[in-house]
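**Q** Following this message is one structure expressed as structure tokens.
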Amino acid sequence: MDRKCGDEKSKKDEEMAFDELLVHLGEFGRYQKRIYLLLCLPAISCALHKLAWVFLAARAPHRCLMPFESAENATFKNIDGFPRNMTLPIDSLTGDWSQCERLDSNFTDEYFEGMVPATKHVPCDNYVFDHSKYLSSAVFEWSLVCDKAWIRSGADTIFMLGVLIGSILFGYLSDRYGRRPIFFFSLVLQVSSGILAGLAPEYFSFVFARMTIGATTSGVFLVAYVIGMEMVGPSKRFYAGVVVQYFFTLGYMMTALFAYLITDWRQLQIALSLPGLLFLLYWWFVPESARWLLTKGREEEARQVLKNAAKENQVDLPDEMLDKFLNEGDEKVKPVQTGSLLDLLRYPNLRRKTFIILFLWFVNSGSYYGLSWNTSNLGGNDYLNFFISGAVEVPAYTFLLFALNRFGRKLTLCGSMLAGGIALLLSAVVPSGESWLLITLAMFGKMAITASYGAVYIFSAEQFPTVIRNVAIGISSTAARVGGMLAPFVNQLADIWRPLPLILIGALAFTAGLMSLLLPETLNKKLPETIEDGEDFGKRAKTEATDGNNVEM
């Protein structure tokens with residue numbers, strides 16, 4: 001335990017020394033603003049890829065293609081002039097004409113003249129789709145409906161699996177080989193995979209390409225985020241960490257615009273990928289992270305990056321000061337040991353907090369993506385619903401900027417999740433014809449969940465001790481990806497009852513909000529550094545409160 005504490009203290013001293021240098025350079029000077037802005041822009045491209053499946057795999061009403069119809073000439077509304085009750089059965093679940101079965105008949109002239117519908121049903125062999133809203137979709141092309149509807153949901157699950165793999169793989173590669181080369185490698189892979197997805201001849205090659213895109217969103221967005229944040233001074237990091245989310249939100253809203261203008265799903269997939277080519281120009285503008293260079297002993301390169309930053313910020317950085325910093329860094333850097341997963345599970349208070357935080361990440365991610373991908377199930381205009389679902393994130397992140405340091409992490413997180421959960425649960429009592437009310441509740445819920453998703457990043461990181469923080473956040477991120485992987489199947493429940501996904505998400509959000517009250521507040525508190533600190537953090541305050549109550553009694 002003491003050795004871990006001493007090794008982590010060396011790392012912390014090194015970070016403090018670099019932060020002191022950043023304060024001298026200017027915590028968010030002209031150099032940092034330029035690099036930060038450039039590296040925020042790829043978040044737009046990543047949002048396009050993460051959310052586009054709503055339109056790439058748009059759904060529409062459909063029916064069986066009848067044996068007497070031609071696929072080229074058949075239309076959804078007209079079955080060659082024959083009445084629907086003679087060709088389609090009633091779906092017992094929806095009370096409407098079946099979209100997955102037809103009547104079992106030879107459909108001869110005598111059959112239609114007799115006007116007595118067949119009593120047996122058979123599954124559709126092929127489908128006719130309603131093209132009044134969407135002209136093209138992967139669902140139309142590969143008939144991902146009825147008994148194949150789970151395949152549509154599975155595509156987004158596999159995409160999120162790619163995000164999980166990418167966060168692990170590209171995180172490791174960027175630590176080993178550098179932020180800059182992995183950023184550009186991920187970018188090239190993202191663009192090429194995006195184009196291949198648009199050209200894929202069948203479903204499985206398309207899904208593999210989409211999974212690769214999912215992995216690269218971690219390589220592009222997260223690595224760019226790290227490069228940008230590692231040069232921002234300590235007092236500005238909180239705001240820089242939140243502001244980058246506005247760019248993701250911009251990409252969110254732009255997805256609806258792209259989909260509205262480009263009606264062919266394959267062209268849309270390629271169009272969403274091509275803007276990534278612009279970021280290849282960053283090769284001449286974005287340097288390697290000075291922090292990473294120093295951890296690898298590449299001091300001369302780090303020196304040049306820091307001197308360039310000082311020059312652009314119009315700050316004097318004497319060689320003597322830089323030499324002193326580099327020499328002190330050499331003396332302080334030692335091998336760093338970190339904790340393991342077992343440390344989180346070994347101690348009761350840490351274990352309890354860990355399971356609560358894992359559940360919070362699981363619910364926040366599943367709720368966020370579930371609500372984002374559910375906009376086409378709400379009724380009304382799909383494009384407008386999706387755009388509004390992105391626009392509500394702007395007030396959510398703005399609220400975070402003011403609330404987290406004023407009201408505390410716990411109250412902000414708990415309040416957001418409870419408010420979102422209640423709004424979504426209220427969708428259960430919305431009359432079936434009142435789509436506007438269902439949309440309003442869903443959008444309020446989405447705004448609240450967006451705020452809680454942003455808060456849980458900061459709140460949970462501050463709960464864990466320094467020696468195990470990276471491990472803990474990595475495990476939490478994994479829980480979040482699992483939530484995102486299950487979200488498409490939750491949304492599929494809308495086929496049974498339209499508000500059902502909202503109700504389930506609302507129940508989970510409300511429960512998670514209540515559970516967050518079991519965690520200690522971290523605002524203006526000394527954060528835990530060792531495993532012992534982490535075990536005591538929150539437990540001691542609770543014990544003291546209990547003792548105080550006993551004295552009064």
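Going through the structure tokens in order, the chains are called A, B, and so on, while each chain numbers its residues from 1 and the ligands are numbered from 1 in the order shown.
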List as a Markdown table every residue of segment 346-373 of chain A that is in contact with segment 383-404 of chain A, defined as an atom at most 12 Å from one of its atoms (using only C-alpha atoms), together with the nearest atom pair and the distance in Å rounded to one decimal, sorted by chain and then rising number.

**A**
```
| residue | atom | partner | partner_atom | distance |
| --- | --- | --- | --- | --- |
| A:Tyr368 | CA | A:Ser389 | CA | 10.3 |
| A:Tyr369 | CA | A:Ser389 | CA | 10.9 |
| A:Gly370 | CA | A:Ser389 | CA | 11.5 |
| A:Leu371 | CA | A:Ser389 | CA | 8.2 |
| A:Ser372 | CA | A:Ser389 | CA | 6.7 |
| A:Trp373 | CA | A:Phe386 | CA | 8.4 |
```

**Q** Can you pull out the residues contacting Trp142 of chain A? Cut-off 8 Å, using only C-alpha atoms, and skip same-chain residues under 3 positions away; I want them as number ranges by chain.

**A** A: 138-139, 202-203

**Q** Selection from above, N, CA and C atoms, as a PDB file, in the first residue's frame, can you write it?

**A**
```
ATOM      1  N   ALA A 138     -31.467   0.764 -45.550  1.00  0.00           N
ATOM      2  CA  ALA A 138     -30.895  -0.580 -45.447  1.00  0.00           C
ATOM      3  C   ALA A 138     -31.973  -1.584 -45.072  1.00  0.00           C
ATOM      4  N   VAL A 139     -32.968  -1.156 -44.319  1.00  0.00           N
ATOM      5  CA  VAL A 139     -34.079  -2.031 -43.946  1.00  0.00           C
ATOM      6  C   VAL A 139     -34.853  -2.456 -45.179  1.00  0.00           C
ATOM      7  N   GLU A 202     -23.663  -6.683 -49.136  1.00  0.00           N
ATOM      8  CA  GLU A 202     -24.615  -7.416 -48.309  1.00  0.00           C
ATOM      9  C   GLU A 202     -24.448  -7.002 -46.845  1.00  0.00           C
ATOM     10  N   TYR A 203     -25.358  -7.507 -46.014  1.00  0.00           N
ATOM     11  CA  TYR A 203     -25.494  -7.015 -44.645  1.00  0.00           C
ATOM     12  C   TYR A 203     -24.240  -7.245 -43.804  1.00  0.00           C
TER      13      TYR A 203
END
```

**Q** Can you list, as a PyMOL selection string, every residue of segment 183-275 of chain A that DSSP puts in alpha helix (DSSP H)?

**A** chain A and resi 183-199+203-217+223-229+237-261+265-273

**Q** Would you mind listing what lies within 12 Å of Val23 of chain A as a count of residues only, with only C-alpha atoms counted and same-chain residues fewer than 2 positions away left out?

**A** 22

**Q** To one decimal in Å, tell me the separation between atom CA of Thr255 of chain A and atom CA of Leu48 of chain A.

**A**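 Here the two named atoms are 5.4 Å from each other.
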
**Q** Neighbouring residues of segment 56-66 of chain A were defined as those with any atom within 8 Å, considering only C-alpha atoms; residues of the same chain fewer than 5 positions away were excluded. Please report them as a list in words.

**A** Ala71, Ala74, Phe76, Ile79, Thr87, Ser98, Gln99, Cys100, Glu101, Arg102, Cys124, Asp125, Asn126, Tyr127, Val128, Phe129, Asp130, His131, Lys133, Tyr134, Ser137, Ala138, Val139, Phe140, Arg152, Trp265, Arg266, Leu268 and Gln269 of chain A

**Q** So that I can check the surroundings of segment 348-362 of chain A, please list as a PyMOL selection string every protein, DNA and RNA residue that reaches within 6 Å of it, counting only C-alpha atoms and ignoring chain neighbours fewer than 4 positions away.

**A** chain A and resi 344+476+479-480+483+512+535

**Q** Atoms to include: N, CA and C atoms. Write the selected residues as a CSV table (one decimal), in the first residue's frame.

**A**
```csv
chain,number,residue,atom,x,y,z
A,344,LEU,N,-10.9,-2.7,-6.0
A,344,LEU,CA,-12.2,-2.1,-5.9
A,344,LEU,C,-13.2,-3.1,-5.3
A,476,SER,N,-15.9,1.5,-15.8
A,476,SER,CA,-17.1,2.3,-15.9
A,476,SER,C,-17.5,2.5,-17.3
A,479,ALA,N,-19.1,-0.6,-18.7
A,479,ALA,CA,-20.5,-0.7,-18.3
A,479,ALA,C,-21.3,0.2,-19.2
A,480,ALA,N,-20.8,1.4,-19.5
A,480,ALA,CA,-21.6,2.3,-20.4
A,480,ALA,C,-21.8,1.8,-21.8
A,483,GLY,N,-24.5,-0.7,-21.8
A,483,GLY,CA,-25.8,-0.1,-21.8
A,483,GLY,C,-26.2,0.4,-23.2
A,512,ALA,N,-31.7,4.8,-10.8
A,512,ALA,CA,-30.3,5.2,-10.7
A,512,ALA,C,-30.1,6.6,-10.0
A,535,GLU,N,-11.5,3.9,0.6
A,535,GLU,CA,-12.3,3.1,1.4
A,535,GLU,C,-13.0,4.0,2.5
```

**Q** For a test of reading the model, state the distance in Å between atom CA of Phe248 of chain A and atom CA of Ser174 of chain A, rounded to one decimal.

**A**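 That distance, rounded to one decimal, is 21.6 Å.
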
**Q** Using only C-alpha atoms, which of A:Val363, A:Ile270, A:Ala419, A:Met485 sits nearest Leu504 of chain A?

**A** A:Val363

**Q** Give the answer as one residue: which of A:Val188, A:Met86, A:Leu424, A:Met447 has the shortest atom-to-atom distance to Thr249 of chain A, using only C-alpha atoms?

**A**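 Residue with the minimum atom-to-atom distance to Thr249 of chain A: A:Met447.
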
**Q** Using only C-alpha atoms, pick whichever of A:Ser365, A:Leu277, A:Asn491, A:Ile503 has the shortest atom-to-atom distance to Tyr457 of chain A.

**A**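 Smallest distance to Tyr457 of chain A is found for A:Ser365.
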
**Q** Determine the nearest neighbour of Ala209 of chain A from the options A:Gly81, A:Gly228, A:Gly178, A:Gly162, counting only C-alpha atoms.

**A**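 Ranked by minimum distance to Ala209 of chain A, first place goes to A:Gly162.
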
**Q** Skipping near chain neighbours, those fewer than 4 positions away, what residues fall within 12 Å of segment 406-414 of chain A using only C-alpha atoms, listed as a ChimeraX atom specification?

**A** /A:357,360-361,364,396-397,399-402,418-421,448-463,509-525

**Q** What's the separation between atom CA of Phe489 of chain A and atom CA of Leu508 of chain A, in Å to one decimal place?

**A**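 Between atom CA of Phe489 of chain A and atom CA of Leu508 of chain A the gap works out to 15.1 Å.
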
**Q** Show me, as a count of residues only, the residues that have an atom within 12 Å of segment 42-47 of chain A when counting only C-alpha atoms, minus same-chain residues fewer than 3 positions from it.

**A** 60
